[in-house]
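What follows is a set of notes on a single structure, which appears directly below.
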Amino acid sequence: MATGYFSHPDCLAHVMGDGHPEGPQRILAIEDELRSQGLDVHLVRGEVPLATNDDLALAHDLNYILTLDDFLQQLEATGDSRALDPDTWACPGTRSAAWRAAGAAIAATDAVIEGKVDNAFCAIRPPGHHAPHNQTMGFCFFNNVAVAARHALDVKGLKRVAIVDFDVHHGNGTEDIFAGDDRVLMVGLFQHPLFPFSGAESRAGNMVNVPVPARTNGHTIRDVIESYWMYRLEDFQPEMIFISAGFDGHREDDMGGLQLVEADYAWITAKIVEVAQRFAGGRVVSCLEGGYHVSSLARSVAAHVRTLLEA
């Protein structure tokens with residue numbers, strides 16, 4: 001298998017302040033670990049354009065996009081940093097990072113659909129799965145996976161795509177965008193109660209939400225996936241699978257309280273790839289979401305990427 005790797009230096013330019021958990025050190029640690037394990041030489045690095053506002057409007061309200069664009073351009077001009085919500089700050093480098101992150105997800109989608117690579121991982125930030133169609137939230141500006149999934153459907157002509165979200169937090173933004181869209185099946189598991197304190201009930205039949213309590217371990221998570229995800233994915237027969245790949249459920253990450261380890265992330269990835277190989281020609285695009293303990297994040301991403309490479 002050829003696995004694409006999509007990232008860009010602009011994703012390092014978004015800085016939300018000293019001590020903020022969602023910082024550029026996350027991507028730097030991932031790239032160090034991929035080099036350390038010798039995985040980087042096997043990845044096909046893809047070009048990453050800036051998303052256009054039309055691209056973003058596939059999943060977001062155009063007025064929100066234009067208003068945010070204007071605000072962030074003002075920060076570029078003044079050099080200021082501002083809070084957009086209690087968790088999410090913008091700085092002069094935010095605009096290029098946010099538009100580049102969505103651009104990476106789109107470029108990876110094109111590369112996989114066009115057969116240039118079999119699957120892809122996007123090492124991008126800011127993350128996206130908390131961003132609904134018309135606001136920032138929880139470190140997120142644009143919903144990278146949602147934009148890419150809509151691109152696959154509305155631009156590339158696919159009929160059915162699945163989104164798998166294994167971040168420790170509920171992907172409320174993705175649910176907001178896709179609830180009731182029968183072209184999309186979203187399956188997710190997340191700690192509950194925990195920010196954003198949603199998802200205990202699915203908003204629509206195409207949403208498979210599986211909340212689990214703090215301290216749930218990998219053995220139980222595997223049972224949950226077998227019991228709740230797999231038959232829905234198999235019945236849906238997606239033509240492509242997108243992953244909101246959050247690694248903050250690792251037992252070393254204090255952003256949540258789950259007890260996953262690297263082997264669990266490799267197992268989850270293998271299960272997703274198995275469905276993709278059966279129904280989607282192996283087509284998978286994975287986008288980085290959470291993961292804030294940089295060592296466990298880097299090791300978990302390496303396990304994830306190794307599984308994509310070996311699929």
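Following the order of the structure tokens, first chain is A, next is B, and so on, with residues numbered from 1 inside each chain and ligands from 1 in the order they appear.
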
Quick one: which range 117-188 of chain A residues come within 12 Å of range 3-6 of chain A, and what is the nearest atom pair for each with the distance in Å to one decimal, counting only C-alpha atoms, rows ordered by chain and ascending number, as JSON lines?
{"residue": "A:Val117", "atom": "CA", "partner": "A:Thr3", "partner_atom": "CA", "distance": 5.7}
{"residue": "A:Asp118", "atom": "CA", "partner": "A:Thr3", "partner_atom": "CA", "distance": 5.9}
{"residue": "A:Asn119", "atom": "CA", "partner": "A:Thr3", "partner_atom": "CA", "distance": 5.0}
{"residue": "A:Ala120", "atom": "CA", "partner": "A:Gly4", "partner_atom": "CA", "distance": 4.2}
{"residue": "A:Phe121", "atom": "CA", "partner": "A:Tyr5", "partner_atom": "CA", "distance": 5.2}
{"residue": "A:Cys122", "atom": "CA", "partner": "A:Phe6", "partner_atom": "CA", "distance": 4.6}
{"residue": "A:Ala123", "atom": "CA", "partner": "A:Phe6", "partner_atom": "CA", "distance": 6.2}
{"residue": "A:Ile124", "atom": "CA", "partner": "A:Phe6", "partner_atom": "CA", "distance": 7.7}
{"residue": "A:Arg125", "atom": "CA", "partner": "A:Phe6", "partner_atom": "CA", "distance": 11.4}

Given the selection you just returned, output its residues as a file containing all heavy atoms, formatted as a short mmCIF file (atom, residue, chain, number, x, y, z; two decimals), in the first residue's frame.
data_model
loop_
_atom_site.label_atom_id
_atom_site.label_comp_id
_atom_site.auth_asym_id
_atom_site.auth_seq_id
_atom_site.Cartn_x
_atom_site.Cartn_y
_atom_site.Cartn_z
N VAL A 117 -2.39 7.53 -4.12
CA VAL A 117 -2.03 6.78 -2.92
C VAL A 117 -3.25 5.94 -2.55
O VAL A 117 -4.37 6.20 -2.99
CB VAL A 117 -1.64 7.70 -1.73
CG1 VAL A 117 -0.34 8.44 -2.02
CG2 VAL A 117 -2.75 8.67 -1.40
N ASP A 118 -3.03 4.92 -1.73
CA ASP A 118 -4.13 4.05 -1.32
C ASP A 118 -4.89 4.62 -0.13
O ASP A 118 -6.11 4.47 -0.01
CB ASP A 118 -3.59 2.66 -0.98
CG ASP A 118 -2.93 2.01 -2.17
OD1 ASP A 118 -3.65 1.62 -3.10
OD2 ASP A 118 -1.69 1.92 -2.18
N ASN A 119 -4.18 5.23 0.78
CA ASN A 119 -4.78 5.87 1.94
C ASN A 119 -3.88 7.03 2.35
O ASN A 119 -2.79 7.21 1.75
CB ASN A 119 -4.99 4.87 3.09
CG ASN A 119 -3.73 4.13 3.49
OD1 ASN A 119 -2.68 4.75 3.71
ND2 ASN A 119 -3.79 2.81 3.59
N ALA A 120 -4.31 7.82 3.33
CA ALA A 120 -3.52 9.01 3.66
C ALA A 120 -3.76 9.41 5.10
O ALA A 120 -4.84 9.19 5.67
CB ALA A 120 -3.88 10.17 2.74
N PHE A 121 -2.71 10.01 5.68
CA PHE A 121 -2.81 10.62 7.01
C PHE A 121 -2.45 12.09 6.88
O PHE A 121 -1.45 12.45 6.25
CB PHE A 121 -1.88 9.95 8.01
CG PHE A 121 -1.90 10.61 9.37
CD1 PHE A 121 -3.00 10.47 10.19
CD2 PHE A 121 -0.83 11.39 9.80
CE1 PHE A 121 -3.04 11.09 11.44
CE2 PHE A 121 -0.86 12.01 11.05
CZ PHE A 121 -1.98 11.85 11.87
N CYS A 122 -3.27 12.96 7.49
CA CYS A 122 -3.03 14.40 7.48
C CYS A 122 -2.59 14.84 8.87
O CYS A 122 -3.38 14.81 9.83
CB CYS A 122 -4.31 15.14 7.09
SG CYS A 122 -4.93 14.71 5.44
N ALA A 123 -1.34 15.24 8.99
CA ALA A 123 -0.80 15.78 10.26
C ALA A 123 -1.04 17.27 10.24
O ALA A 123 -0.19 18.06 9.80
CB ALA A 123 0.68 15.45 10.39
N ILE A 124 -2.21 17.67 10.69
CA ILE A 124 -2.66 19.05 10.53
C ILE A 124 -3.18 19.61 11.85
O ILE A 124 -3.58 18.87 12.75
CB ILE A 124 -3.76 19.16 9.46
CG1 ILE A 124 -4.90 18.16 9.74
CG2 ILE A 124 -3.17 18.95 8.07
CD1 ILE A 124 -6.06 18.23 8.78
N ARG A 125 -3.15 20.90 11.93
CA ARG A 125 -3.76 21.64 13.00
C ARG A 125 -4.00 23.05 12.49
O ARG A 125 -3.29 23.50 11.59
CB ARG A 125 -2.91 21.62 14.29
CG ARG A 125 -1.46 22.07 14.10
CD ARG A 125 -0.68 22.07 15.39
NE ARG A 125 -1.23 23.00 16.37
CZ ARG A 125 -0.96 24.31 16.38
NH1 ARG A 125 -0.17 24.86 15.46
NH2 ARG A 125 -1.48 25.08 17.32
#

List the neighbours of Ala149 in chain A out to 9 Å using only C-alpha atoms; skip same-chain residues closer than 4 positions along the sequence, and give me the result as a list of chain:residue names.
A:Ala59, A:Ala105, A:Ile106, A:Thr109, A:Asn144, A:Val145, A:Leu153, A:Asp154, A:Val161, A:Ala162, A:Ile163, A:Val184, A:Met240, A:Ile241, A:Phe242

Counting only C-alpha atoms, which residues of range 194-226 of chain A fall within 12 Å of range 126-137 of chain A, and what is the closest atom pair for each with its distance in Å at one decimal, ordered by chain and rising number, as a Markdown table?
| residue | atom | partner | partner_atom | distance |
| --- | --- | --- | --- | --- |
| A:Phe195 | CA | A:His130 | CA | 9.9 |
| A:Pro196 | CA | A:His130 | CA | 8.1 |
| A:Phe197 | CA | A:His130 | CA | 11.5 |
| A:Ser198 | CA | A:His130 | CA | 10.8 |
| A:Gly199 | CA | A:His130 | CA | 11.8 |

Go ahead and write the residues just picked, N, CA, C and O atoms, as a compact mmCIF listing (two decimals), in the first residue's frame.
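Output contents, as saved in out29.txt:
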# COMPACT_ATOMS: atom_id res chain seq x y z
N PHE A 195 -16.36 17.38 27.93
CA PHE A 195 -16.54 18.38 26.87
C PHE A 195 -16.71 17.68 25.53
O PHE A 195 -15.98 16.73 25.24
N PRO A 196 -17.65 18.10 24.71
CA PRO A 196 -18.56 19.25 24.81
C PRO A 196 -19.92 18.91 25.45
O PRO A 196 -20.89 19.63 25.23
N PHE A 197 -19.95 17.82 26.22
CA PHE A 197 -21.14 17.43 26.98
C PHE A 197 -22.35 17.22 26.06
O PHE A 197 -23.46 17.66 26.34
N SER A 198 -22.08 16.53 24.96
CA SER A 198 -23.12 16.21 23.99
C SER A 198 -22.91 14.78 23.51
O SER A 198 -21.92 14.13 23.87
N GLY A 199 -23.83 14.30 22.71
CA GLY A 199 -23.66 13.01 22.05
C GLY A 199 -24.21 11.82 22.78
O GLY A 199 -24.14 10.70 22.26

So which residues of range 139-193 of chain A fall under strand (DSSP E or B) by DSSP, listed as a ChimeraX atom specification?
/A:140,161-165,184-191

Within range 55-171 of chain A, find each residue whose DSSP state, derived from the backbone, is alpha helix (DSSP H), and express the selection as a PyMOL selection string.
chain A and resi 55-56+62-78+94-113+144-150

Considering only C-alpha atoms, can you say which of A:Val112, A:Val15, A:Ala152, A:Val212 comes closest to Arg82 in chain A?
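Between A:Val112, A:Val15, A:Ala152, A:Val212, the residue approaching Arg82 in chain A most closely is A:Val15.
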
Within 10 Å of range 43-51 of chain A using only C-alpha atoms, minus same-chain residues under 5 positions, as a short mmCIF file (atom, residue, chain, number, x, y, z; two decimals) with N, CA, C and O atoms, in the first residue's frame:
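Output below, filename part.cif:
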data_model
loop_
_atom_site.label_atom_id
_atom_site.label_comp_id
_atom_site.auth_asym_id
_atom_site.auth_seq_id
_atom_site.Cartn_x
_atom_site.Cartn_y
_atom_site.Cartn_z
N MET A 1 0.84 -1.19 0.00
CA MET A 1 0.00 0.00 0.00
C MET A 1 0.88 1.25 0.00
O MET A 1 1.92 1.28 0.63
N ALA A 2 0.44 2.28 -0.71
CA ALA A 2 1.08 3.58 -0.67
C ALA A 2 0.26 4.47 0.26
O ALA A 2 -0.94 4.65 0.04
N THR A 3 0.89 5.00 1.27
CA THR A 3 0.22 5.87 2.23
C THR A 3 0.72 7.29 2.05
O THR A 3 1.92 7.54 2.12
N GLY A 4 -0.20 8.21 1.83
CA GLY A 4 0.15 9.61 1.68
C GLY A 4 0.29 10.28 3.04
O GLY A 4 -0.36 9.89 4.02
N TYR A 5 1.14 11.28 3.10
CA TYR A 5 1.33 12.07 4.31
C TYR A 5 1.18 13.53 3.91
O TYR A 5 1.93 14.04 3.06
N PHE A 6 0.21 14.19 4.50
CA PHE A 6 -0.11 15.57 4.12
C PHE A 6 0.03 16.47 5.35
O PHE A 6 -0.68 16.30 6.33
N SER A 7 0.96 17.40 5.25
CA SER A 7 1.18 18.38 6.30
C SER A 7 1.82 19.60 5.66
O SER A 7 2.18 19.59 4.48
N HIS A 8 1.97 20.67 6.45
CA HIS A 8 2.55 21.90 5.90
C HIS A 8 3.10 22.73 7.05
O HIS A 8 2.51 22.78 8.13
N PRO A 9 4.22 23.43 6.81
CA PRO A 9 4.78 24.29 7.87
C PRO A 9 3.80 25.34 8.39
O PRO A 9 3.92 25.78 9.55
N ASP A 10 2.85 25.77 7.57
CA ASP A 10 1.87 26.76 8.04
C ASP A 10 1.10 26.25 9.26
O ASP A 10 0.63 27.07 10.08
N LEU A 34 7.90 9.53 13.69
CA LEU A 34 7.87 8.82 12.41
C LEU A 34 9.29 8.62 11.87
O LEU A 34 9.62 7.55 11.33
N LEU A 56 -14.47 25.54 1.70
CA LEU A 56 -14.95 25.55 3.08
C LEU A 56 -16.47 25.63 3.13
O LEU A 56 -17.10 25.07 4.04
N ARG A 95 -4.80 32.16 10.27
CA ARG A 95 -5.51 32.06 9.00
C ARG A 95 -4.83 31.06 8.06
O ARG A 95 -5.49 30.18 7.48
N SER A 96 -3.52 31.20 7.89
CA SER A 96 -2.83 30.29 6.97
C SER A 96 -2.91 28.86 7.47
O SER A 96 -3.07 27.92 6.67
N ALA A 97 -2.84 28.65 8.79
CA ALA A 97 -2.90 27.29 9.32
C ALA A 97 -4.27 26.67 9.09
O ALA A 97 -4.39 25.52 8.66
N ALA A 98 -5.34 27.42 9.37
CA ALA A 98 -6.69 26.87 9.25
C ALA A 98 -7.05 26.56 7.80
O ALA A 98 -7.61 25.50 7.50
N TRP A 99 -6.72 27.48 6.89
CA TRP A 99 -7.02 27.24 5.48
C TRP A 99 -6.13 26.12 4.92
O TRP A 99 -6.55 25.36 4.07
N ARG A 100 -4.91 26.01 5.43
CA ARG A 100 -4.00 24.96 4.97
C ARG A 100 -4.44 23.60 5.49
O ARG A 100 -4.34 22.59 4.78
N ALA A 101 -4.92 23.53 6.74
CA ALA A 101 -5.36 22.25 7.30
C ALA A 101 -6.52 21.68 6.47
O ALA A 101 -6.52 20.49 6.13
N ALA A 102 -7.51 22.52 6.16
CA ALA A 102 -8.61 22.05 5.32
C ALA A 102 -8.11 21.69 3.93
O ALA A 102 -8.57 20.70 3.32
N GLY A 103 -7.16 22.46 3.42
CA GLY A 103 -6.59 22.15 2.10
C GLY A 103 -5.89 20.81 2.08
O GLY A 103 -5.94 20.08 1.08
N ALA A 104 -5.22 20.47 3.18
CA ALA A 104 -4.56 19.15 3.26
C ALA A 104 -5.58 18.03 3.19
O ALA A 104 -5.37 17.02 2.50
N ALA A 105 -6.70 18.18 3.91
CA ALA A 105 -7.72 17.14 3.89
C ALA A 105 -8.30 16.96 2.50
O ALA A 105 -8.57 15.83 2.06
N ILE A 106 -8.51 18.07 1.80
CA ILE A 106 -9.02 17.99 0.43
C ILE A 106 -8.00 17.35 -0.49
O ILE A 106 -8.32 16.47 -1.32
N ALA A 107 -6.74 17.77 -0.39
CA ALA A 107 -5.69 17.22 -1.25
C ALA A 107 -5.52 15.72 -1.02
O ALA A 107 -5.33 14.94 -1.97
N ALA A 108 -5.59 15.29 0.24
CA ALA A 108 -5.50 13.86 0.54
C ALA A 108 -6.67 13.10 -0.06
O ALA A 108 -6.51 12.00 -0.60
N ALA A 111 -6.07 12.74 -3.75
CA ALA A 111 -5.01 11.77 -4.03
C ALA A 111 -5.49 10.34 -3.89
O ALA A 111 -5.13 9.46 -4.68
N LYS A 116 -3.56 7.99 -6.55
CA LYS A 116 -2.15 8.34 -6.39
C LYS A 116 -1.56 7.70 -5.14
O LYS A 116 -0.36 7.41 -5.09
N VAL A 117 -2.39 7.53 -4.12
CA VAL A 117 -2.03 6.78 -2.92
C VAL A 117 -3.25 5.94 -2.55
O VAL A 117 -4.37 6.20 -2.99
N ALA A 120 -4.31 7.82 3.33
CA ALA A 120 -3.52 9.01 3.66
C ALA A 120 -3.76 9.41 5.10
O ALA A 120 -4.84 9.19 5.67
N PHE A 121 -2.71 10.01 5.68
CA PHE A 121 -2.81 10.62 7.01
C PHE A 121 -2.45 12.09 6.88
O PHE A 121 -1.45 12.45 6.25
N CYS A 122 -3.27 12.96 7.49
CA CYS A 122 -3.03 14.40 7.48
C CYS A 122 -2.59 14.84 8.87
O CYS A 122 -3.38 14.81 9.83
N VAL A 147 -15.32 19.01 5.62
CA VAL A 147 -15.04 19.63 4.32
C VAL A 147 -14.57 18.58 3.32
O VAL A 147 -15.02 18.54 2.17
N VAL A 305 -0.25 5.11 11.67
CA VAL A 305 0.33 5.23 10.34
C VAL A 305 0.95 3.90 9.90
O VAL A 305 0.83 3.49 8.73
N ARG A 306 1.62 3.21 10.83
CA ARG A 306 2.19 1.90 10.49
C ARG A 306 1.09 0.94 10.01
O ARG A 306 1.29 0.19 9.03
N LEU A 309 0.15 1.83 6.52
CA LEU A 309 1.20 1.39 5.61
C LEU A 309 1.14 -0.11 5.34
O LEU A 309 1.42 -0.57 4.21
#

Show me, as a short mmCIF file (atom, residue, chain, number, x, y, z; two decimals) with N, CA and C atoms, in the first residue's frame, the residues that have an atom within 7 Å of range 20-33 of chain A when counting only C-alpha atoms, minus same-chain residues fewer than 5 positions from it.
data_model
loop_
_atom_site.label_atom_id
_atom_site.label_comp_id
_atom_site.auth_asym_id
_atom_site.auth_seq_id
_atom_site.Cartn_x
_atom_site.Cartn_y
_atom_site.Cartn_z
N LEU A 12 2.21 24.97 11.76
CA LEU A 12 2.97 25.27 12.97
C LEU A 12 2.83 26.73 13.40
N VAL A 15 -0.56 29.59 16.98
CA VAL A 15 -0.11 29.46 18.37
C VAL A 15 -1.15 30.12 19.27
N ALA A 123 -1.34 15.24 8.99
CA ALA A 123 -0.80 15.78 10.26
C ALA A 123 -1.04 17.27 10.24
N TYR A 292 -2.79 15.36 23.30
CA TYR A 292 -2.12 16.52 23.88
C TYR A 292 -0.94 16.17 24.77
N VAL A 294 2.39 14.87 24.31
CA VAL A 294 3.05 14.76 23.01
C VAL A 294 3.73 13.41 22.80
N ALA A 298 2.56 11.03 19.76
CA ALA A 298 3.47 10.65 18.69
C ALA A 298 3.54 9.13 18.52
N ARG A 299 3.60 8.39 19.62
CA ARG A 299 3.66 6.94 19.53
C ARG A 299 2.37 6.36 18.96
N VAL A 301 0.17 7.95 16.95
CA VAL A 301 0.10 8.25 15.51
C VAL A 301 1.00 7.30 14.73
N ALA A 302 2.17 7.01 15.26
CA ALA A 302 3.07 6.08 14.55
C ALA A 302 2.42 4.71 14.41
#

Between CA of Leu185 in chain A and CA of Asn206 in chain A, measure the distance and give it in Å to one decimal.
4.9 Å

re CA of Trp267 in chain A and CA of Val164 in chain A: distance 13.8 Å

Test item: residues at most 8 Å from Glu175 in chain A, only C-alpha atoms, excluding those fewer than 5 positions along its chain, as a count of residues only
4

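Considering only C-alpha atoms, the residue among A:Tyr231, A:Phe190, A:Phe236, A:Phe142 positioned nearest to Ala214 in chain A is A:Phe190.
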
Which residues of range 81-192 of chain A have any atom within 8 Å of an atom in range 70-77 of chain A when counting only C-alpha atoms, and what is the closest pair of atoms for each, with the distance in Å to one decimal? Order the rows by chain and rising number and write it as JSON lines.
{"residue": "A:Ser81", "atom": "CA", "partner": "A:Leu75", "partner_atom": "CA", "distance": 6.7}
{"residue": "A:Ala90", "atom": "CA", "partner": "A:Leu72", "partner_atom": "CA", "distance": 7.3}
{"residue": "A:Cys91", "atom": "CA", "partner": "A:Leu75", "partner_atom": "CA", "distance": 6.3}
{"residue": "A:Pro92", "atom": "CA", "partner": "A:Glu76", "partner_atom": "CA", "distance": 4.2}
{"residue": "A:Gly93", "atom": "CA", "partner": "A:Glu76", "partner_atom": "CA", "distance": 7.0}
{"residue": "A:Thr94", "atom": "CA", "partner": "A:Leu72", "partner_atom": "CA", "distance": 7.0}
{"residue": "A:Arg95", "atom": "CA", "partner": "A:Leu72", "partner_atom": "CA", "distance": 5.7}

Within 7 Å of Tyr265 in chain A, counting only C-alpha atoms, which residues show up once you throw out same-chain ones fewer than 3 positions away? Write them as a short mmCIF file (atom, residue, chain, number, x, y, z; two decimals) with N, CA, C and O atoms, in the first residue's frame, please.
data_model
loop_
_atom_site.label_atom_id
_atom_site.label_comp_id
_atom_site.auth_asym_id
_atom_site.auth_seq_id
_atom_site.Cartn_x
_atom_site.Cartn_y
_atom_site.Cartn_z
N VAL A 261 -4.10 2.45 24.71
CA VAL A 261 -2.65 2.43 24.46
C VAL A 261 -2.43 2.30 22.96
O VAL A 261 -3.38 2.14 22.18
N GLU A 262 -1.16 2.36 22.56
CA GLU A 262 -0.84 2.34 21.13
C GLU A 262 -1.43 1.14 20.41
O GLU A 262 -1.93 1.25 19.28
N ILE A 268 -7.86 -0.48 16.19
CA ILE A 268 -8.98 0.30 15.65
C ILE A 268 -8.72 0.64 14.18
O ILE A 268 -9.60 0.50 13.33
N THR A 269 -7.50 1.05 13.89
CA THR A 269 -7.16 1.39 12.51
C THR A 269 -7.31 0.18 11.60
O THR A 269 -7.85 0.28 10.49
N SER A 300 1.24 6.95 19.34
CA SER A 300 -0.04 6.46 18.86
C SER A 300 -0.23 6.75 17.38
O SER A 300 -0.73 5.90 16.63
N ALA A 303 1.74 4.24 15.45
CA ALA A 303 1.03 2.96 15.36
C ALA A 303 -0.08 3.01 14.32
O ALA A 303 -0.30 2.05 13.57
N HIS A 304 -0.78 4.12 14.29
CA HIS A 304 -1.86 4.35 13.33
C HIS A 304 -1.31 4.35 11.90
O HIS A 304 -1.84 3.66 11.01
#

With a distance cut-off of 10 Å and only C-alpha atoms, select the neighbouring residues of Ile221 in chain A, excluding the residue or stretch itself and same-chain residues fewer than 3 positions from it, and output the selection as a PyMOL selection string.
chain A and resi 166+189-190+210+212+216-218+224-227+258-260+264+268
